[in-house]
Structure formats: structure tokens, C-alpha cells
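Enquirer: My structure is below; once you've seen it, I'll send some questions.
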Amino acid sequence: LGIGLFYSIIINYFTIRSIHEPIEYSKKIVNEISKGNLADRIQVTGTDEIGILQESINKMADNISNLLSLIKKNLQTHAKSTNDLRLFI
């Protein structure tokens, strides 16, 4: 009974650790992204549910970054067009 309990505790420790560490790491990167640091990406740690979630977070950050670039480009185009119109008035 004692050895079985010991092995059970060891296995549970490593199982919980293998789940907890990627989630904590992902949480850290998501917090950075939420602060506007869109350059950070999560290093995907596996192909399980946590890995799929990490991939999705990276894709979301890429999409937000691309959208912001597009908005910035459109604003620059709009500002140039406005300036061009002012020259004719």
C-alpha cells in the first residue's frame, strides 16, 4: 500500500505539473498581448488541448496585429487624400 501510494503521488505530481506549467506560461504571454505587446507569441508545447489553445491564441494575436496594420495603412491613405483635397480648395 505504501509503495503504491508513493507512486500515485509522484505520477499525480508530474501530471499536474505538465498541465499547470503550459497554462501559466500561456497566461503570461496573454497578459503581455493584452497590454498591447503584439510581438509576443506562445511557444506551442504540444498537440493536446493546451497546444491547440496556444495555437489559437497565437493566431488571434496575428489577426489583431494584421488588423491594426491595415487600420494604420487606411488612416495614412485617408490623411493623404484629405491633404490632397485641401490643395485643390
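In the C-alpha cells, chains take the letters A, B, ... in the order shown, each chain's residues start at 1, and ligands count up from 1 in the order shown.
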Would you mind listing what lies within 12 Å of region 25-28 of chain A as an MDAnalysis selection string, with only C-alpha atoms counted and same-chain residues fewer than 4 positions away left out?
Expert: chainID A and resid 17:21 32:35 37 40:45 50:58
Enquirer: Using backbone DSSP assignments, extract all helix (DSSP H, G or I) residues from region 40-84 of chain A; output them as a PyMOL selection string.
Expert: chain A and resi 49-84
Enquirer: Mind writing the picked residues with N, CA, C and O atoms as a tab-separated table (two decimals), in the first residue's frame?
Expert:
chain	number	residue	atom	x	y	z
A	49	GLU	N	-5.07	19.58	-26.04
A	49	GLU	CA	-5.99	20.71	-25.93
A	49	GLU	C	-5.26	22.00	-25.57
A	49	GLU	O	-5.59	23.08	-26.08
A	50	ILE	N	-4.26	21.91	-24.71
A	50	ILE	CA	-3.49	23.10	-24.34
A	50	ILE	C	-2.72	23.62	-25.54
A	50	ILE	O	-2.67	24.83	-25.79
A	51	GLY	N	-2.11	22.74	-26.31
A	51	GLY	CA	-1.39	23.14	-27.52
A	51	GLY	C	-2.31	23.79	-28.54
A	51	GLY	O	-1.95	24.77	-29.19
A	52	ILE	N	-3.51	23.24	-28.69
A	52	ILE	CA	-4.49	23.82	-29.62
A	52	ILE	C	-4.89	25.21	-29.15
A	52	ILE	O	-4.98	26.15	-29.96
A	53	LEU	N	-5.10	25.38	-27.85
A	53	LEU	CA	-5.42	26.69	-27.29
A	53	LEU	C	-4.27	27.67	-27.52
A	53	LEU	O	-4.49	28.82	-27.91
A	54	GLN	N	-3.04	27.22	-27.33
A	54	GLN	CA	-1.88	28.08	-27.56
A	54	GLN	C	-1.79	28.51	-29.02
A	54	GLN	O	-1.52	29.69	-29.31
A	55	GLU	N	-2.03	27.59	-29.93
A	55	GLU	CA	-2.04	27.93	-31.37
A	55	GLU	C	-3.11	28.97	-31.66
A	55	GLU	O	-2.88	29.91	-32.41
A	56	SER	N	-4.28	28.79	-31.08
A	56	SER	CA	-5.39	29.73	-31.31
A	56	SER	C	-5.05	31.12	-30.78
A	56	SER	O	-5.39	32.13	-31.42
A	57	ILE	N	-4.41	31.18	-29.64
A	57	ILE	CA	-4.01	32.48	-29.08
A	57	ILE	C	-3.00	33.15	-30.01
A	57	ILE	O	-3.09	34.36	-30.26
A	58	ASN	N	-2.06	32.39	-30.54
A	58	ASN	CA	-1.09	32.96	-31.49
A	58	ASN	C	-1.78	33.49	-32.74
A	58	ASN	O	-1.45	34.57	-33.23
A	59	LYS	N	-2.74	32.72	-33.27
A	59	LYS	CA	-3.48	33.16	-34.46
A	59	LYS	C	-4.28	34.42	-34.16
A	59	LYS	O	-4.34	35.34	-34.99
A	60	MET	N	-4.88	34.49	-32.98
A	60	MET	CA	-5.63	35.67	-32.59
A	60	MET	C	-4.71	36.89	-32.53
A	60	MET	O	-5.05	37.96	-33.05
A	61	ALA	N	-3.53	36.75	-31.94
A	61	ALA	CA	-2.58	37.86	-31.87
A	61	ALA	C	-2.13	38.27	-33.27
A	61	ALA	O	-1.99	39.47	-33.55
A	62	ASP	N	-1.91	37.29	-34.15
A	62	ASP	CA	-1.55	37.61	-35.54
A	62	ASP	C	-2.67	38.40	-36.22
A	62	ASP	O	-2.42	39.39	-36.91
A	63	ASN	N	-3.91	37.95	-36.04
A	63	ASN	CA	-5.05	38.64	-36.66
A	63	ASN	C	-5.21	40.05	-36.13
A	63	ASN	O	-5.49	40.98	-36.90
A	64	ILE	N	-5.04	40.24	-34.83
A	64	ILE	CA	-5.14	41.58	-34.26
A	64	ILE	C	-4.03	42.47	-34.81
A	64	ILE	O	-4.27	43.62	-35.19
A	65	SER	N	-2.83	41.93	-34.88
A	65	SER	CA	-1.70	42.69	-35.41
A	65	SER	C	-1.92	43.08	-36.87
A	65	SER	O	-1.68	44.23	-37.27
A	66	ASN	N	-2.41	42.14	-37.68
A	66	ASN	CA	-2.70	42.42	-39.09
A	66	ASN	C	-3.81	43.46	-39.24
A	66	ASN	O	-3.73	44.35	-40.09
A	67	LEU	N	-4.83	43.35	-38.41
A	67	LEU	CA	-5.94	44.30	-38.45
A	67	LEU	C	-5.46	45.70	-38.09
A	67	LEU	O	-5.82	46.68	-38.76
A	68	LEU	N	-4.63	45.82	-37.06
A	68	LEU	CA	-4.10	47.13	-36.68
A	68	LEU	C	-3.22	47.72	-37.78
A	68	LEU	O	-3.27	48.93	-38.03
A	69	SER	N	-2.44	46.88	-38.45
A	69	SER	CA	-1.62	47.36	-39.58
A	69	SER	C	-2.50	47.88	-40.71
A	69	SER	O	-2.21	48.92	-41.31
A	70	LEU	N	-3.57	47.16	-40.99
A	70	LEU	CA	-4.49	47.57	-42.04
A	70	LEU	C	-5.18	48.89	-41.68
A	70	LEU	O	-5.31	49.79	-42.53
A	71	ILE	N	-5.58	49.04	-40.43
A	71	ILE	CA	-6.21	50.29	-39.98
A	71	ILE	C	-5.22	51.44	-40.11
A	71	ILE	O	-5.58	52.52	-40.60
A	72	LYS	N	-3.99	51.22	-39.69
A	72	LYS	CA	-2.97	52.27	-39.78
A	72	LYS	C	-2.74	52.67	-41.24
A	72	LYS	O	-2.64	53.86	-41.56
A	73	LYS	N	-2.66	51.69	-42.12
A	73	LYS	CA	-2.46	51.98	-43.54
A	73	LYS	C	-3.63	52.77	-44.10
A	73	LYS	O	-3.45	53.75	-44.84
A	74	ASN	N	-4.87	52.38	-43.74
A	74	ASN	CA	-6.05	53.10	-44.22
A	74	ASN	C	-6.10	54.52	-43.67
A	74	ASN	O	-6.51	55.44	-44.38
A	75	LEU	N	-5.69	54.71	-42.44
A	75	LEU	CA	-5.64	56.06	-41.87
A	75	LEU	C	-4.63	56.93	-42.60
A	75	LEU	O	-4.89	58.11	-42.86
A	76	GLN	N	-3.49	56.35	-42.94
A	76	GLN	CA	-2.48	57.11	-43.68
A	76	GLN	C	-2.99	57.48	-45.07
A	76	GLN	O	-2.79	58.61	-45.53
A	77	THR	N	-3.68	56.55	-45.72
A	77	THR	CA	-4.25	56.82	-47.04
A	77	THR	C	-5.30	57.91	-46.93
A	77	THR	O	-5.35	58.83	-47.75
A	78	HIS	N	-6.14	57.84	-45.92
A	78	HIS	CA	-7.19	58.83	-45.71
A	78	HIS	C	-6.56	60.21	-45.44
A	78	HIS	O	-7.03	61.22	-45.99
A	79	ALA	N	-5.54	60.26	-44.63
A	79	ALA	CA	-4.87	61.53	-44.32
A	79	ALA	C	-4.25	62.13	-45.57
A	79	ALA	O	-4.33	63.34	-45.80
A	80	LYS	N	-3.65	61.31	-46.41
A	80	LYS	CA	-3.05	61.79	-47.65
A	80	LYS	C	-4.13	62.32	-48.59
A	80	LYS	O	-3.98	63.39	-49.19
A	81	SER	N	-5.24	61.60	-48.69
A	81	SER	CA	-6.35	62.04	-49.54
A	81	SER	C	-6.91	63.37	-49.04
A	81	SER	O	-7.22	64.26	-49.84
A	82	THR	N	-7.04	63.51	-47.74
A	82	THR	CA	-7.53	64.76	-47.17
A	82	THR	C	-6.58	65.90	-47.48
A	82	THR	O	-7.01	67.00	-47.85
A	83	ASN	N	-5.30	65.65	-47.37
A	83	ASN	CA	-4.30	66.69	-47.71
A	83	ASN	C	-4.37	67.05	-49.18
A	83	ASN	O	-4.29	68.23	-49.54
A	84	ASP	N	-4.53	66.05	-50.04
A	84	ASP	CA	-4.63	66.32	-51.48
A	84	ASP	C	-5.86	67.17	-51.80
A	84	ASP	O	-5.79	68.06	-52.62
Enquirer: Just the number, please: distance in Å from CA of Phe14 (chain A) to CA of Val30 (chain A), one decimal.
Expert: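 We find that CA of Phe14 (chain A) and CA of Val30 (chain A) lie 24.3 Å from each other.
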Enquirer: Could you please determine the separation between CA of Gly46 (chain A) and CA of Ile23 (chain A) in Å, to one decimal place?
Expert: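 Between CA of Gly46 (chain A) and CA of Ile23 (chain A) the gap works out to 11.8 Å.
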